[in-house]
Amino acid sequence: MFQRRLKIYLALLLLVGGLLTLRIVQIQWIQRNFWRAQAAELMKRWEPLETTRGAILDRKGRVLAFDAPCIDACVDYRAIVDEPDEDWIRQTAEARLKDRLADRYHDIRRSDAWPAMLNSEMEQARQDLAAMWAELAQVSGKTPDELDDIRQAIVQRVEMRRRYLWWRNFETASKRSDGQSSPAWYRDFLMDNGGEQDIDQFELDVAEQTEPHVILPAVDPETQAVLARQEDRFFALSLRPSKHREYPYARSACHLVGHLAQVTADQLGASDPFGADELRRYWPNDDIGAGGIEGLCEKTLRGARGRVEKLADSDQTLSSTDPIPGSDVRMTIDIDLQQDIEAAFAKRREYKNGDTMEARYDQHGAAVVLDIATGQVLAMASNPGFDPNMLDTEYAMLSRDDLNMPLMNRATQMALEPGSTVKTIVGCGSITHGFMTPTSTIECTGYLVLRGVKYHVGRCWVAGLYEAGKIPSPMHHPVPVPHPTGFLTVSDGLERSCNVVFETIADMMGMRELSYWFDQFGLGRPTGIGIEESAGMIPDPVDASIHSPLRIWTWFAGIGQGRVHATPLQMANVAATIARNGIWMRPRLVSDDDRSLAPDGPDTVDLHLAPQSVAAVREGMRRVVNSDAGTGTGILPENQDPPEADDPLRGIEIAGKTGSAQTTLMTIPLRDADGEIVKVNGRVQRVPVELGTPGTEGWYQGAGAAKHMVHAWYIGYAPADHPQVAFCVMVEYGEAGGIVAAAIAHDVLEACVRHGYLSRSR
């Protein structure tokens, strides 16, 4: 029995031994090439080669943003981690002592004094590291916490790199195919959000753990000189050639061009860590486009890293892949035109108001100029702005400037009540759908009268002047040119900006019809230009019947007040749509734009406006500017202060529409002593800004003797009979649209002539 068992065990041992021998033969002979390749793969390491970001150009090829050479202040990774590497500190201390002791080094190293001397030098090295971080904070203006955030981001980046390389080795060893999906835990593991695997159980180092990393990018020459003088003491610090993003036009077009920011954790998580193109992957501390064209065209501008593949623990290069530079992007704007329009907002202007002379300058607002034939944006100004070259150091201050909000692109993000500029939309819609004809009239006595009932709301703006005894008659318009009958057509109503006419039309149409036409012209939704924009607001399409409490809101909507909010870009596109006889086009910021940059939906829409409706509205807009009774004559060369005989707008007929949207005092968030916004029950507390508040000089002023708060608008196109450009000017707290906004609109069109976008000829 025992012998039988022994034979069975012996047979099993022989079988296992035979199988092992066969496996060894398979590995060593049959599959030796495969396993040699696997071993070689595991012995490889690769280092990234940074790419160059594409440039941003204006329509004429002038460079608005590019990667410029610079010097970065870098710190060795072993000093960046929370506890500096002890072996490295020891090696550094020994190297310092060797240099200082020279010929005595070897004798002292063998003496009893060596341990104490080495410990003292190591402590001095630690103190020098602490002094280095203090010096970096001082020369950069950053707080220790801000530098610590940079350090932690670098540590995360290197750990992600280690995890990623560990995963590649793991996949290779497991013979995973390229098309096989990765386990669900891997994304969290890579992003340091937990995971099943512990990288610390593997011996895996990457080159970045012994290399310098950028702490202060693009340091100025003065800072370079300060740091260079202390490089011997600050042994972990080095100044290295690099590249940084430069914006040669500084504040000009800052909101359009955009800027770079460090990639966020959400953006890192959103990028595919398993994608085929690992060289385009984002890592912590990488820059990513933020806002404007930098953000819109990130994929085009970014490019792809290169890499060098080497043997582990060796500088022998096995293979290399060159970086692929990002592609350039050409914008539709003309930077010279843009600068001239931005200057128009800063221009000092004086206005006589009764016995008071008001000086206005640095007006807050926006202006947009569109090429009518193509929908391209020729200029889009927003004032005030910021210098993207200084954004890294000034962001905290700029983001808390609640009074001026310099980071906001007012042209696309500030949606305000557009006032009487929407009367152009109401006129087109009312005639197209038969509520009015080009010759039908509405009587204006200065008051809103519907079905024989006189209302105390919705009065014409001259009614208050009549009641104050400043004009002899309430009939529209007693000054400067009385209307012969007081019965006004749509064209007459536009010319004189009569609220009663358009409130009456709005009452005929109802809220549903008004909302339909606002939507048709692009209000209440983004234009799809590609950069961040507000949708604005249009009334809820509920038909306000005669007995509805919403009826008053219908009247207000008809004159661009209440529940109608629009951006300057949207209103510029309204003017362009009318100039194209009812063809809506999506505004464009990028030349040769591809569909990947635009949202779903058509780029061109025929609104099917009745030809007679367009003709009536265009005639009214022509009269707004060119008749004695028009509200927009302030744009004309002869009405400038002072008028110039060689004004380039002389001989060019302009069509326009003014808007004066009544508003209230500005309010800003309440902040505590630390600058944090105060909230009560989750709601931001706001405080009003009174007239005369420091910091509001030159732009925050009330209109008229009563100091009413008004946002000023002016939209239009030119030339009136063969339109080439459409425009919108919006001035916050800019008094009536026919005054401040008209003066800026004049400068806008004047610049268009000088730069060749507007001329008398067809």
# chains A, B, ... in the order shown; residues from 1 in each chain; ligands from 1

$ residues_around --residues "stretch 567-577 of chain A" --least-positions-apart "4" --cutoff "6 Å" --atoms "only C-alpha atoms" --output "PyMOL selection string"
chain A and resi 372+411-412+414-415+582-584+716+726-728

$ residues_around --residues "stretch 297-306 of chain A" --least-positions-apart "2" --cutoff "9 Å" --atoms "only C-alpha atoms" --output "ChimeraX atom specification"
/A:47-56,277-281,288-290,292-295,308,320-329,597

$ residues_around --residues "A:Cys254" --least-positions-apart "4" --cutoff "7 Å" --atoms "only C-alpha atoms" --output "PyMOL selection string"
chain A and resi 250+258+385-388

$ select_by_dssp --residues "stretch 240-436 of chain A" --states "strand (DSSP E or B)" --output "PyMOL selection string"
chain A and resi 240-246+259-262+287-290+304+306-311+317-321+324+329-331+349-353+356-360+365-371+376-383+416

$ write_last_selection --atoms "C-alpha atoms" --output "mmCIF file, in the first residue's frame"
data_model
loop_
_atom_site.group_PDB
_atom_site.id
_atom_site.type_symbol
_atom_site.label_atom_id
_atom_site.label_comp_id
_atom_site.auth_asym_id
_atom_site.auth_seq_id
_atom_site.Cartn_x
_atom_site.Cartn_y
_atom_site.Cartn_z
ATOM 1 C CA ARG A 240 15.674 77.391 -17.376
ATOM 2 C CA PRO A 241 14.701 78.498 -20.884
ATOM 3 C CA SER A 242 11.055 77.872 -21.685
ATOM 4 C CA LYS A 243 8.017 79.363 -23.464
ATOM 5 C CA HIS A 244 5.070 81.346 -22.200
ATOM 6 C CA ARG A 245 1.915 82.738 -23.773
ATOM 7 C CA GLU A 246 2.271 86.362 -24.775
ATOM 8 C CA HIS A 259 -6.242 83.457 -21.922
ATOM 9 C CA LEU A 260 -4.697 80.301 -20.493
ATOM 10 C CA ALA A 261 -5.374 78.762 -17.103
ATOM 11 C CA GLN A 262 -4.228 75.649 -15.313
ATOM 12 C CA ASP A 287 -2.303 75.043 -19.386
ATOM 13 C CA ILE A 288 -5.635 74.970 -21.157
ATOM 14 C CA GLY A 289 -7.499 77.647 -23.097
ATOM 15 C CA ALA A 290 -9.958 79.591 -20.953
ATOM 16 C CA ALA A 304 0.692 67.225 -29.161
ATOM 17 C CA GLY A 306 6.637 64.501 -28.381
ATOM 18 C CA ARG A 307 8.550 61.910 -26.432
ATOM 19 C CA VAL A 308 11.956 60.292 -26.114
ATOM 20 C CA GLU A 309 12.072 56.610 -25.188
ATOM 21 C CA LYS A 310 15.140 55.433 -23.273
ATOM 22 C CA LEU A 311 16.347 52.402 -21.366
ATOM 23 C CA THR A 317 17.796 56.753 -26.665
ATOM 24 C CA LEU A 318 15.736 53.956 -28.193
ATOM 25 C CA SER A 319 13.276 56.024 -30.176
ATOM 26 C CA SER A 320 11.838 59.510 -30.304
ATOM 27 C CA THR A 321 8.673 61.194 -31.500
ATOM 28 C CA ILE A 324 3.498 68.398 -33.183
ATOM 29 C CA VAL A 329 -6.183 80.225 -35.763
ATOM 30 C CA ARG A 330 -7.200 83.289 -37.762
ATOM 31 C CA MET A 331 -9.933 85.454 -36.265
ATOM 32 C CA ARG A 349 -17.030 113.917 -23.778
ATOM 33 C CA GLU A 350 -18.870 116.853 -22.237
ATOM 34 C CA TYR A 351 -22.631 117.331 -22.382
ATOM 35 C CA LYS A 352 -24.646 120.372 -21.408
ATOM 36 C CA ASN A 353 -27.733 119.359 -19.445
ATOM 37 C CA THR A 356 -25.016 121.383 -15.608
ATOM 38 C CA MET A 357 -22.002 120.336 -17.658
ATOM 39 C CA GLU A 358 -21.406 116.584 -17.416
ATOM 40 C CA ALA A 359 -18.044 115.077 -18.302
ATOM 41 C CA ARG A 360 -18.154 111.429 -19.331
ATOM 42 C CA GLY A 365 -20.295 99.087 -22.173
ATOM 43 C CA ALA A 366 -19.779 97.226 -25.415
ATOM 44 C CA ALA A 367 -19.774 97.671 -29.177
ATOM 45 C CA VAL A 368 -20.097 95.089 -31.944
ATOM 46 C CA VAL A 369 -19.475 95.525 -35.678
ATOM 47 C CA LEU A 370 -20.619 92.817 -38.115
ATOM 48 C CA ASP A 371 -19.873 92.354 -41.784
ATOM 49 C CA GLN A 376 -18.161 87.890 -39.527
ATOM 50 C CA VAL A 377 -17.358 89.944 -36.443
ATOM 51 C CA LEU A 378 -15.080 92.806 -37.472
ATOM 52 C CA ALA A 379 -14.775 94.146 -33.933
ATOM 53 C CA MET A 380 -16.241 93.355 -30.527
ATOM 54 C CA ALA A 381 -15.235 95.731 -27.775
ATOM 55 C CA SER A 382 -15.997 95.441 -24.070
ATOM 56 C CA ASN A 383 -14.935 98.119 -21.613
ATOM 57 C CA LEU A 416 -29.856 94.088 -20.367
#

$ closest_atom_pairs --of "stretch 314-420 of chain A" --to "stretch 215-229 of chain A" --cutoff "12 Å" --atoms "only C-alpha atoms" --output "tab-separated table"
residue	atom	partner	partner_atom	distance
A:Asn389	CA	A:Ala218	CA	10.4
A:Met390	CA	A:Ala218	CA	11.2
A:Asp392	CA	A:Pro217	CA	10.1
A:Thr393	CA	A:Leu216	CA	11.1

$ residues_around --residues "A:Ala130" --least-positions-apart "2" --cutoff "12 Å" --atoms "only C-alpha atoms" --output "ChimeraX atom specification"
/A:79-80,82-84,123-128,132-137,144,233-237

$ write_last_selection --atoms "C-alpha atoms" --output "CSV table (one decimal), in the first residue's frame"
chain,number,residue,atom,x,y,z
A,79,ALA,CA,12.5,69.8,-2.7
A,80,ILE,CA,8.9,70.1,-3.8
A,82,ASP,CA,6.2,67.7,1.6
A,83,GLU,CA,9.3,66.2,3.2
A,84,PRO,CA,12.5,66.8,1.2
A,123,GLU,CA,20.5,71.2,8.7
A,124,GLN,CA,21.9,74.2,6.8
A,125,ALA,CA,20.7,72.7,3.6
A,126,ARG,CA,17.2,72.4,5.0
A,127,GLN,CA,17.3,76.1,6.2
A,128,ASP,CA,18.4,77.1,2.7
A,132,MET,CA,14.4,79.6,-1.0
A,133,TRP,CA,10.6,79.2,-0.7
A,134,ALA,CA,10.4,82.5,1.2
A,135,GLU,CA,12.4,84.3,-1.5
A,136,LEU,CA,10.2,82.8,-4.3
A,137,ALA,CA,7.1,84.0,-2.5
A,144,PRO,CA,3.0,80.6,0.9
A,233,ARG,CA,22.8,78.9,-1.9
A,234,PHE,CA,19.4,77.8,-3.3
A,235,PHE,CA,20.8,74.5,-4.6
A,236,ALA,CA,17.3,73.2,-5.6
A,237,LEU,CA,16.6,76.2,-7.8

$ atom_distance --atom1 "atom CA of A:Ile744" --atom2 "atom CA of A:Asn626"
17.3 Å

$ closest_residue --among "A:Leu407, A:Arg754, A:Thr485, A:Ala116" --to "A:Tyr395" --atoms "only C-alpha atoms"
A:Leu407

$ residues_around --residues "A:Asn404" --least-positions-apart "5" --cutoff "10 Å" --atoms "only C-alpha atoms" --output "list in words"
His364, Asn383, Pro384, Gly385, Leu398, Ser399, Ile668, Gly695 and Thr696 of chain A

$ closest_residue --among "A:Arg161, A:Arg618, A:Arg400, A:Arg588" --to "A:Ile529" --atoms "only C-alpha atoms"
A:Arg588

$ residues_around --residues "A:Trp88" --least-positions-apart "5" --cutoff "10 Å" --atoms "only C-alpha atoms" --output "MDAnalysis selection string"
chainID A and resid 78:79 93:94 122 210

$ residues_around --residues "A:Gln612" --least-positions-apart "6" --cutoff "9 Å" --atoms "only C-alpha atoms" --output "list of chain:residue names"
A:Cys428, A:Ile431, A:Thr432, A:Thr437, A:Pro438

$ write_last_selection --atoms "C-alpha atoms" --output "mmCIF file, in the first residue's frame"
data_model
loop_
_atom_site.group_PDB
_atom_site.id
_atom_site.type_symbol
_atom_site.label_atom_id
_atom_site.label_comp_id
_atom_site.auth_asym_id
_atom_site.auth_seq_id
_atom_site.Cartn_x
_atom_site.Cartn_y
_atom_site.Cartn_z
ATOM 1 C CA CYS A 428 -41.340 93.817 -38.833
ATOM 2 C CA ILE A 431 -46.707 94.089 -40.602
ATOM 3 C CA THR A 432 -45.640 90.580 -41.671
ATOM 4 C CA THR A 437 -49.867 97.816 -42.678
ATOM 5 C CA PRO A 438 -47.176 100.248 -43.788
#

$ closest_residue --among "A:Ala373, A:Ala645, A:Gly458, A:Ser497" --to "A:His722" --atoms "only C-alpha atoms"
A:Ala373

$ atom_distance --atom1 "atom CA of A:Asp334" --atom2 "atom CA of A:Asp58"
5.7 Å
